[in-house]
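Asks: Below: one structure in structure tokens.
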Amino acid sequence: MEDSVIVGIILLYVSMFGVLTNWTVLLCLPRIASFNKSFGYITWNQAFGDALQSTTVFILVVPMVFFDLEFMKTNSNYISLSMLLGYDISVLSHLLLALNRLCVVASPTKFQLYNEKLTFSMIIAVNIYASASIVIFFLSGCKYSWSSEMWMFLYHVSNQCVTFSFYAIFCKYICIIFIIVLIDVFVICKARLMYKKSRTDASSRPMNSKEICFLVQTCLQGVLFSIELICYFIISPTVEDTWVRFFMTTFAFSTIHACDGAISIACNSDFRSYLYKKSIRKIRAGAEASTIYGSRVETTTMGFRSRSTSRYSANFQH
């Protein structure tokens, strides 16, 4: 089996998992009453970016790699624009989630910053900024195309594109992730202090279980994105082995987006309860449908048998 086929199979399973988890969040999250708040809206927007990236890989990148389609490889710079847009929306939504947790922990009793109007305004601003960044990147003449030799998307080699990608891509993402990590560290320390204080001071309010789960979700996703950025931009250029570089770049890039949806589901009890109840309803509906169908078949069969028996008896008597 050729290496490119193996790469295509790996990306197929990773992207399929990402499509399943992130589209589940997109479709089911608005139906959960407890998520009709700022954290739920931002999580939905983050899932939108992750779903866009995973779906692009599943629909376009996997066939391009698996079937070695030269036409798609030649125009892969257009495919990458959709992936970069999804990545931008996802990373910036991570920043909003971290700021959301910071506000909750820093001022739990006077939490007014993230009301609905302000949340929607920030989400719209994030999406406009991400779209504008992709348009600027496209107009700059730089290309982010698939390399069959390295099994990853690479920036077009030119002085202009190298400089642009370093400052507009690498520096931007590193700064965002650095801010997210700082916020997460502060929030974790603050949460520990709140917990210790609540044990000695009855007037202090500890974080409830949902707030802790949201904090865990934000921190886990921030850590994964930090690892992915470090592997992609810092470690991978020093690696010569093609397979190691693939797992540090393309595989890590796709896996992080796939895991985002899974983390959102795993860290939210309301979400899990909704999916469990929905699956139980489907199982019961399927069982009831099969029971009704079976009873109809049985009734029809009994009628056929009775008619056949009566005819046989009549012929016998005759």
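Chain identifiers are assigned as A, B, and so on, following the order in which chains appear in the structure tokens; residues are numbered from 1 within each chain, and ligands are numbered from 1 in order of appearance.
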Excluding Tyr13 of chain A and its own-chain neighbours fewer than 2 positions away, which residues fall within 12 Å of it when counting only C-alpha atoms? Please give them as a ChimeraX atom specification.
Replies: /A:6-11,15-20,54-55,57-58,62,251,254-255,258
Asks: Taking the DSSP secondary structure from the backbone, can you list the residues of segment 62-290 of chain A that are helix (DSSP H, G or I), as a ChimeraX atom specification?
Replies: /A:62-66,70-74,76-106,116-139,159-200,209-238,242-248,250-266,269-290
Asks: Kindly assemble as a Markdown table a list of the segment 97-167 of chain A residues that lie within 7 Å of segment 223-246 of chain A, each paired with its nearest atom pair and their distance in Å to one decimal, using only C-alpha atoms, sorted first by chain and then by ascending residue number.
Replies:
| residue | atom | partner | partner_atom | distance |
| --- | --- | --- | --- | --- |
| A:Met150 | CA | A:Thr242 | CA | 5.9 |
| A:Trp151 | CA | A:Phe246 | CA | 6.1 |
| A:Met152 | CA | A:Phe246 | CA | 6.6 |
Asks: Neighbours of segment 38-44 of chain A within 8 Å (only C-alpha atoms; same-chain residues fewer than 4 positions away dropped), as a ChimeraX atom specification?
Replies: /A:25-26,29,48,93,96-97,100,114-116,119-120,123,264
Asks: I need the chosen residues saved as an mmCIF file, in the first residue's frame, with C-alpha atoms.
Replies:
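Dumped everything to result-v8.cif:
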data_model
loop_
_atom_site.group_PDB
_atom_site.id
_atom_site.type_symbol
_atom_site.label_atom_id
_atom_site.label_comp_id
_atom_site.auth_asym_id
_atom_site.auth_seq_id
_atom_site.Cartn_x
_atom_site.Cartn_y
_atom_site.Cartn_z
ATOM 1 C CA VAL A 25 -22.519 20.151 18.853
ATOM 2 C CA LEU A 26 -23.760 22.474 16.106
ATOM 3 C CA LEU A 29 -26.421 22.680 21.356
ATOM 4 C CA PHE A 48 -18.732 26.040 13.659
ATOM 5 C CA SER A 93 -13.488 31.576 19.930
ATOM 6 C CA LEU A 96 -13.461 34.424 23.999
ATOM 7 C CA LEU A 97 -14.127 31.297 26.068
ATOM 8 C CA ASN A 100 -15.582 34.296 29.660
ATOM 9 C CA TYR A 114 -20.881 38.697 28.914
ATOM 10 C CA ASN A 115 -24.547 39.494 28.387
ATOM 11 C CA GLU A 116 -26.236 38.300 25.217
ATOM 12 C CA THR A 119 -21.593 38.161 23.290
ATOM 13 C CA PHE A 120 -23.241 38.304 19.884
ATOM 14 C CA ILE A 123 -18.858 36.636 17.950
ATOM 15 C CA SER A 264 -17.421 20.013 24.531
#
Asks: Figure out the distance between atom CA of Cys213 of chain A and atom CA of Ser269 of chain A, please, to one decimal in Å.
Replies: 8.6 Å
Asks: State, in Å with one decimal place, the distance from atom CA of Tyr173 of chain A to atom CA of Met83 of chain A.
Replies: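 A separation of 14.8 Å between them.
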Asks: I'd like the neighbourhood of Val181 of chain A as a VMD selection string, where a residue qualifies if any of its atoms comes within 8 Å (using only C-alpha atoms), though same-chain residues fewer than 3 positions away should be ignored.
Replies: chain A and resid 177 to 178 184 to 185 219 222 to 223 226
Asks: Which neighbours of Ser148 of chain A fall inside 10 Å, counting only C-alpha atoms, when residues of the same chain fewer than 3 positions from it are skipped, and could you give them as a list in words?
Replies: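 Near neighbours after the sequence-gap exclusion: Ser4, Val65, Asp68, Lys73, Ser145, Trp151, Met152 and Phe153 of chain A.
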Asks: Between A:Ile212, A:Cys259, A:Thr74, A:Val135, which residue has the minimum interatomic distance to Ala51 of chain A, considering only C-alpha atoms?
Replies: A:Cys259
